[in-house]
>>> print(open('work_30.txt').read())   # compact mmCIF, C-alpha atoms
# COMPACT_ATOMS: atom_id res chain seq x y z
CA MET F 1 -9.51 9.92 11.51
CA GLU F 2 -13.00 8.86 10.62
CA LYS F 3 -13.75 6.22 8.00
CA LEU F 4 -16.60 7.31 5.72
CA THR F 5 -18.99 5.25 3.64
CA MET F 6 -18.24 5.65 -0.06
CA THR F 7 -21.16 6.77 -2.22
CA ASP F 8 -21.53 6.35 -5.99
CA ALA F 9 -20.49 10.01 -6.31
CA ASP F 10 -17.32 9.28 -4.29
CA TYR F 11 -16.46 6.32 -6.54
CA GLY F 12 -17.03 8.56 -9.56
CA ALA F 13 -14.75 11.25 -8.11
CA LEU F 14 -12.13 8.60 -7.30
CA ALA F 15 -12.19 7.18 -10.82
CA LYS F 16 -11.83 10.68 -12.28
CA VAL F 17 -8.93 11.68 -10.04
CA MET F 18 -7.11 8.37 -10.52
CA ARG F 19 -6.90 9.02 -14.26
CA LYS F 20 -5.12 12.32 -13.51
CA VAL F 21 -2.67 10.94 -10.92
CA GLU F 22 0.67 10.09 -12.57
CA PHE F 23 1.03 7.26 -10.08
CA PHE F 24 -1.78 5.35 -11.83
CA ALA F 25 -0.94 6.36 -15.44
CA PRO F 26 0.55 2.93 -16.35
CA LEU F 27 -2.72 1.14 -15.50
CA THR F 28 -5.42 0.20 -17.94
CA LEU F 29 -9.04 0.97 -17.17
CA GLY F 30 -9.54 -2.69 -16.24
CA GLN F 31 -6.62 -2.57 -13.79
CA LEU F 32 -7.98 0.62 -12.22
CA GLU F 33 -11.32 -1.13 -11.75
CA GLN F 34 -9.50 -3.85 -9.80
CA ILE F 35 -8.01 -1.30 -7.38
CA ILE F 36 -11.04 0.93 -6.77
CA PRO F 37 -12.95 -1.51 -4.49
CA TYR F 38 -9.95 -1.59 -2.11
CA ILE F 39 -9.83 2.17 -1.64
CA MET F 40 -11.44 3.73 1.43
CA LEU F 41 -12.52 7.30 2.11
CA CYS F 42 -11.36 8.82 5.42
CA ARG F 43 -11.85 12.24 6.96
CA TYR F 44 -9.18 14.06 8.93
CA ARG F 45 -9.96 17.15 11.00
CA SER F 46 -7.93 20.34 10.64
CA GLY F 47 -4.61 19.91 12.45
CA GLU F 48 -4.88 16.13 12.67
CA THR F 49 -1.74 14.14 11.86
CA VAL F 50 -2.17 11.62 9.04
CA PHE F 51 1.19 10.00 9.85
CA LYS F 52 4.55 10.92 11.40
CA LYS F 53 8.07 10.70 10.03
CA GLY F 54 9.61 7.36 10.96
CA GLU F 55 6.33 5.44 11.19
CA LYS F 56 5.89 2.31 9.13
CA GLY F 57 4.37 3.02 5.73
CA ASP F 58 1.03 1.25 5.58
CA ALA F 59 -1.04 3.25 3.08
CA PHE F 60 -1.12 5.44 -0.01
CA TYR F 61 -3.28 8.58 -0.02
CA ILE F 62 -5.03 10.82 -2.56
CA VAL F 63 -6.54 14.13 -1.43
CA LYS F 64 -10.24 14.29 -2.35
CA GLU F 65 -11.10 17.54 -0.55
CA GLY F 66 -9.14 19.88 1.69
CA SER F 67 -5.36 20.00 1.97
CA VAL F 68 -2.41 18.47 3.77
CA SER F 69 1.06 19.77 4.51
CA ILE F 70 4.19 17.66 4.13
CA ARG F 71 6.56 18.55 6.96
CA MET F 72 10.22 17.74 7.56
CA PRO F 73 11.73 18.08 11.04
CA LYS F 74 14.12 21.03 11.44
CA MET F 75 14.97 20.62 15.12
CA VAL F 76 13.53 18.63 17.98
CA PHE F 77 10.32 20.66 18.33
CA PHE F 78 10.08 22.41 14.95
CA SER F 79 9.33 21.36 11.41
CA LYS F 80 9.42 22.95 7.98
CA THR F 81 6.53 22.62 5.51
CA VAL F 82 8.09 21.44 2.25
CA ALA F 83 4.84 21.02 0.29
CA THR F 84 1.11 21.52 0.52
CA LEU F 85 -1.15 19.17 -1.43
CA GLY F 86 -4.75 19.87 -2.39
CA PRO F 87 -7.37 17.87 -4.28
CA GLY F 88 -5.74 15.33 -6.60
CA GLY F 89 -2.44 15.45 -4.72
CA PHE F 90 -1.06 12.12 -3.55
CA PHE F 91 1.50 10.86 -1.06
CA GLY F 92 2.68 7.75 0.76
CA GLU F 93 3.87 5.68 -2.18
CA MET F 94 7.57 5.69 -1.26
CA ALA F 95 7.11 3.73 1.96
CA LEU F 96 4.79 1.26 0.26
CA LEU F 97 7.29 0.46 -2.49
CA SER F 98 10.54 0.51 -0.56
CA SER F 99 9.46 -0.64 2.93
CA ASP F 100 11.30 2.38 4.31
CA PRO F 101 9.78 4.31 7.20
CA ARG F 102 7.87 7.50 6.42
CA SER F 103 10.22 10.24 5.26
CA ALA F 104 8.01 13.12 6.43
CA THR F 105 5.09 14.00 8.67
CA VAL F 106 1.75 14.77 7.01
CA VAL F 107 -0.81 16.99 8.71
CA SER F 108 -4.31 17.97 7.59
CA GLU F 109 -4.41 21.75 7.06
CA ALA F 110 -8.22 21.89 6.95
CA ASP F 111 -11.01 19.35 7.29
CA THR F 112 -9.78 16.94 4.63
CA SER F 113 -11.11 13.82 2.91
CA LEU F 114 -8.50 11.34 1.71
CA PHE F 115 -8.85 8.27 -0.46
CA VAL F 116 -6.73 5.58 1.24
CA LEU F 117 -5.24 2.40 -0.24
CA LEU F 118 -3.75 0.08 2.41
CA SER F 119 -0.37 -1.51 1.72
CA ALA F 120 -1.70 -5.07 1.93
CA ASP F 121 -4.18 -4.33 -0.85
CA PHE F 122 -1.56 -2.34 -2.76
CA SER F 123 0.88 -5.29 -2.60
CA PHE F 124 -1.79 -7.59 -3.99
CA VAL F 125 -2.36 -5.22 -6.94
CA LEU F 126 1.40 -4.96 -7.61
CA LYS F 127 1.75 -8.75 -7.68
CA GLN F 128 -1.02 -8.90 -10.26
CA ASN F 129 0.57 -6.14 -12.40
CA PRO F 130 4.38 -6.42 -12.79
CA ALA F 131 4.56 -3.53 -15.30
CA PHE F 132 2.66 -1.31 -12.87
CA ALA F 133 5.05 -2.35 -10.06
CA THR F 134 8.04 -1.31 -12.19
CA GLU F 135 6.51 2.11 -12.92
CA MET F 136 5.69 2.64 -9.25
CA LYS F 137 9.29 1.92 -8.24
CA LYS F 138 10.58 4.46 -10.78
CA LEU F 139 8.15 7.10 -9.56
CA ALA F 140 9.02 6.44 -5.92
CA GLU F 141 12.73 6.81 -6.65
CA ARG F 142 12.12 10.17 -8.37
CA ARG F 143 10.06 11.41 -5.43
CA LYS F 144 12.62 10.10 -2.91
CA PHE F 145 15.35 12.01 -4.76
CA MET F 146 13.22 15.18 -4.74
CA SER F 147 12.51 14.89 -1.00
CA ARG F 148 16.21 14.39 -0.23
CA SER F 149 17.07 17.54 -2.24
CA GLN F 150 14.48 19.50 -0.23
CA GLU F 151 16.00 18.36 3.07
CA ARG F 152 19.27 20.15 2.22
>>> encode(input="work_30.txt", output="structure tokens")
Amino acid sequence: MEKLTMTDADYGALAKVMRKVEFFAPLTLGQLEQIIPYIMLCRYRSGETVFKKGEKGDAFYIVKEGSVSIRMPKMVFFSKTVATLGPGGFFGEMALLSSDPRSATVVSEADTSLFVLLSADFSFVLKQNPAFATEMKKLAERRKFMSRSQER
């Protein structure tokens, strides 16, 4: 993982994609502007693991460019890809909201740029926005239910 310097174009792309991500739908433009300065841009090389199942959730991710696969373990040495996310796709919110360990492994399928919001910054934003926190919990529960159904 390589942390990149955000340009004005990157901030513009971030603002545009955040308006399309259901995760941020409950936020006003002013609330989005409070979050944007906390978001970093990181590059992952093809085949690089973003995080592994069971690790502590410490960040939320939005795909800027490239793609990632969401993998669930099948046996000790094998995994099954349950989803592939491209630009605008997001992941990592369940662990941030529930303090549960990661429910899947995420791997970069190509050279990929991800917008990253760390949990400490995310927690600060949630404390400032109780309505947003409620919406995030609802969304995380829906996604947790969907991931459990895919495990079967």
>>> atom_distance(input="work_30.txt", atom1="CA of Lys56 in chain F", atom2="CA of Lys16 in chain F")
29.0 Å
>>> residues_around(input="work_30.txt", residues="Val116 in chain F", least_positions_apart="4", cutoff="7 Å", atoms="all atoms listed in the file", output="count of residues only")
7
>>> closest_residue(input="work_30.txt", among="F:Ser99, F:Asn129, F:Ser79, F:Thr5", to="Ser113 in chain F", atoms="all atoms listed in the file")
F:Thr5
>>> axis_aligned_box(input="work_30.txt", around="range 34-37 of chain F", padding_each_side="4 Å", output="lines of an AutoDock Vina configuration file")
center_x = -10.5
center_y = -1.5
center_z = -7.1
size_x = 12.9
size_y = 12.8
size_z = 13.3
>>> atom_distance(input="work_30.txt", atom1="CA of Leu14 in chain F", atom2="CA of Lys53 in chain F")
26.7 Å
>>> closest_residue(input="work_30.txt", among="F:Leu27, F:Leu126, F:Val17, F:Lys138", to="Gly86 in chain F", atoms="all atoms listed in the file")
F:Val17
>>> residues_around(input="work_30.txt", residues="Gly88 in chain F", least_positions_apart="4", cutoff="9 Å", atoms="all atoms listed in the file", output="PyMOL selection string")
chain F and resi 17-18+20-21+62-65
>>> residues_around(input="work_30.txt", residues="range 67-71 of chain F", least_positions_apart="4", cutoff="12 Å", atoms="only C-alpha atoms", output="PyMOL selection string")
chain F and resi 43-53+61-63+75+78-92+102-114+147+150-151
>>> build_atoms(input="work_30.txt", residues="range 98-122 of chain F", atoms="N, CA and C atoms", output="JSON list (two decimals), keeping the file's coordinate frame")
[["chain", "number", "residue", "atom", "x", "y", "z"],
["F", 98, "SER", "N", 9.17, 0.78, -0.99],
["F", 98, "SER", "CA", 10.54, 0.51, -0.56],
["F", 98, "SER", "C", 10.62, -0.10, 0.84],
["F", 99, "SER", "N", 9.52, -0.16, 1.55],
["F", 99, "SER", "CA", 9.46, -0.64, 2.93],
["F", 99, "SER", "C", 10.23, 0.25, 3.89],
["F", 100, "ASP", "N", 10.63, 1.43, 3.43],
["F", 100, "ASP", "CA", 11.30, 2.38, 4.31],
["F", 100, "ASP", "C", 10.26, 3.04, 5.21],
["F", 101, "PRO", "N", 10.71, 3.55, 6.36],
["F", 101, "PRO", "CA", 9.78, 4.31, 7.20],
["F", 101, "PRO", "C", 9.40, 5.62, 6.51],
["F", 102, "ARG", "N", 8.33, 6.23, 6.98],
["F", 102, "ARG", "CA", 7.87, 7.50, 6.42],
["F", 102, "ARG", "C", 8.99, 8.53, 6.45],
["F", 103, "SER", "N", 9.13, 9.26, 5.37],
["F", 103, "SER", "CA", 10.22, 10.24, 5.26],
["F", 103, "SER", "C", 9.80, 11.64, 5.71],
["F", 104, "ALA", "N", 8.51, 11.81, 6.01],
["F", 104, "ALA", "CA", 8.01, 13.12, 6.43],
["F", 104, "ALA", "C", 6.78, 12.92, 7.29],
["F", 105, "THR", "N", 6.35, 13.99, 7.93],
["F", 105, "THR", "CA", 5.09, 14.00, 8.67],
["F", 105, "THR", "C", 4.06, 14.70, 7.80],
["F", 106, "VAL", "N", 2.83, 14.17, 7.79],
["F", 106, "VAL", "CA", 1.75, 14.77, 7.01],
["F", 106, "VAL", "C", 0.64, 15.17, 7.96],
["F", 107, "VAL", "N", 0.20, 16.44, 7.84],
["F", 107, "VAL", "CA", -0.81, 16.99, 8.71],
["F", 107, "VAL", "C", -1.92, 17.61, 7.87],
["F", 108, "SER", "N", -3.16, 17.37, 8.27],
["F", 108, "SER", "CA", -4.31, 17.97, 7.59],
["F", 108, "SER", "C", -4.35, 19.46, 7.91],
["F", 109, "GLU", "N", -4.40, 20.30, 6.88],
["F", 109, "GLU", "CA", -4.41, 21.75, 7.06],
["F", 109, "GLU", "C", -5.82, 22.30, 7.23],
["F", 110, "ALA", "N", -6.81, 21.53, 6.84],
["F", 110, "ALA", "CA", -8.22, 21.89, 6.95],
["F", 110, "ALA", "C", -8.96, 20.57, 7.11],
["F", 111, "ASP", "N", -10.26, 20.60, 7.32],
["F", 111, "ASP", "CA", -11.01, 19.35, 7.29],
["F", 111, "ASP", "C", -10.77, 18.75, 5.91],
["F", 112, "THR", "N", -10.26, 17.53, 5.87],
["F", 112, "THR", "CA", -9.78, 16.94, 4.63],
["F", 112, "THR", "C", -10.30, 15.52, 4.47],
["F", 113, "SER", "N", -10.71, 15.19, 3.24],
["F", 113, "SER", "CA", -11.11, 13.82, 2.91],
["F", 113, "SER", "C", -10.01, 13.22, 2.05],
["F", 114, "LEU", "N", -9.56, 12.03, 2.43],
["F", 114, "LEU", "CA", -8.50, 11.34, 1.71],
["F", 114, "LEU", "C", -8.98, 9.97, 1.25],
["F", 115, "PHE", "N", -8.68, 9.63, 0.00],
["F", 115, "PHE", "CA", -8.85, 8.27, -0.46],
["F", 115, "PHE", "C", -7.62, 7.52, 0.03],
["F", 116, "VAL", "N", -7.82, 6.32, 0.60],
["F", 116, "VAL", "CA", -6.73, 5.58, 1.24],
["F", 116, "VAL", "C", -6.68, 4.15, 0.68],
["F", 117, "LEU", "N", -5.49, 3.76, 0.22],
["F", 117, "LEU", "CA", -5.24, 2.40, -0.24],
["F", 117, "LEU", "C", -4.22, 1.78, 0.70],
["F", 118, "LEU", "N", -4.64, 0.74, 1.44],
["F", 118, "LEU", "CA", -3.75, 0.08, 2.41],
["F", 118, "LEU", "C", -2.66, -0.72, 1.69],
["F", 119, "SER", "N", -1.51, -0.84, 2.34],
["F", 119, "SER", "CA", -0.37, -1.51, 1.72],
["F", 119, "SER", "C", -0.64, -2.97, 1.39],
["F", 120, "ALA", "N", -1.40, -3.66, 2.21],
["F", 120, "ALA", "CA", -1.70, -5.07, 1.93],
["F", 120, "ALA", "C", -2.46, -5.20, 0.61],
["F", 121, "ASP", "N", -3.42, -4.32, 0.40],
["F", 121, "ASP", "CA", -4.18, -4.33, -0.85],
["F", 121, "ASP", "C", -3.31, -3.86, -2.01],
["F", 122, "PHE", "N", -2.46, -2.87, -1.75],
["F", 122, "PHE", "CA", -1.56, -2.34, -2.76],
["F", 122, "PHE", "C", -0.59, -3.44, -3.22]]
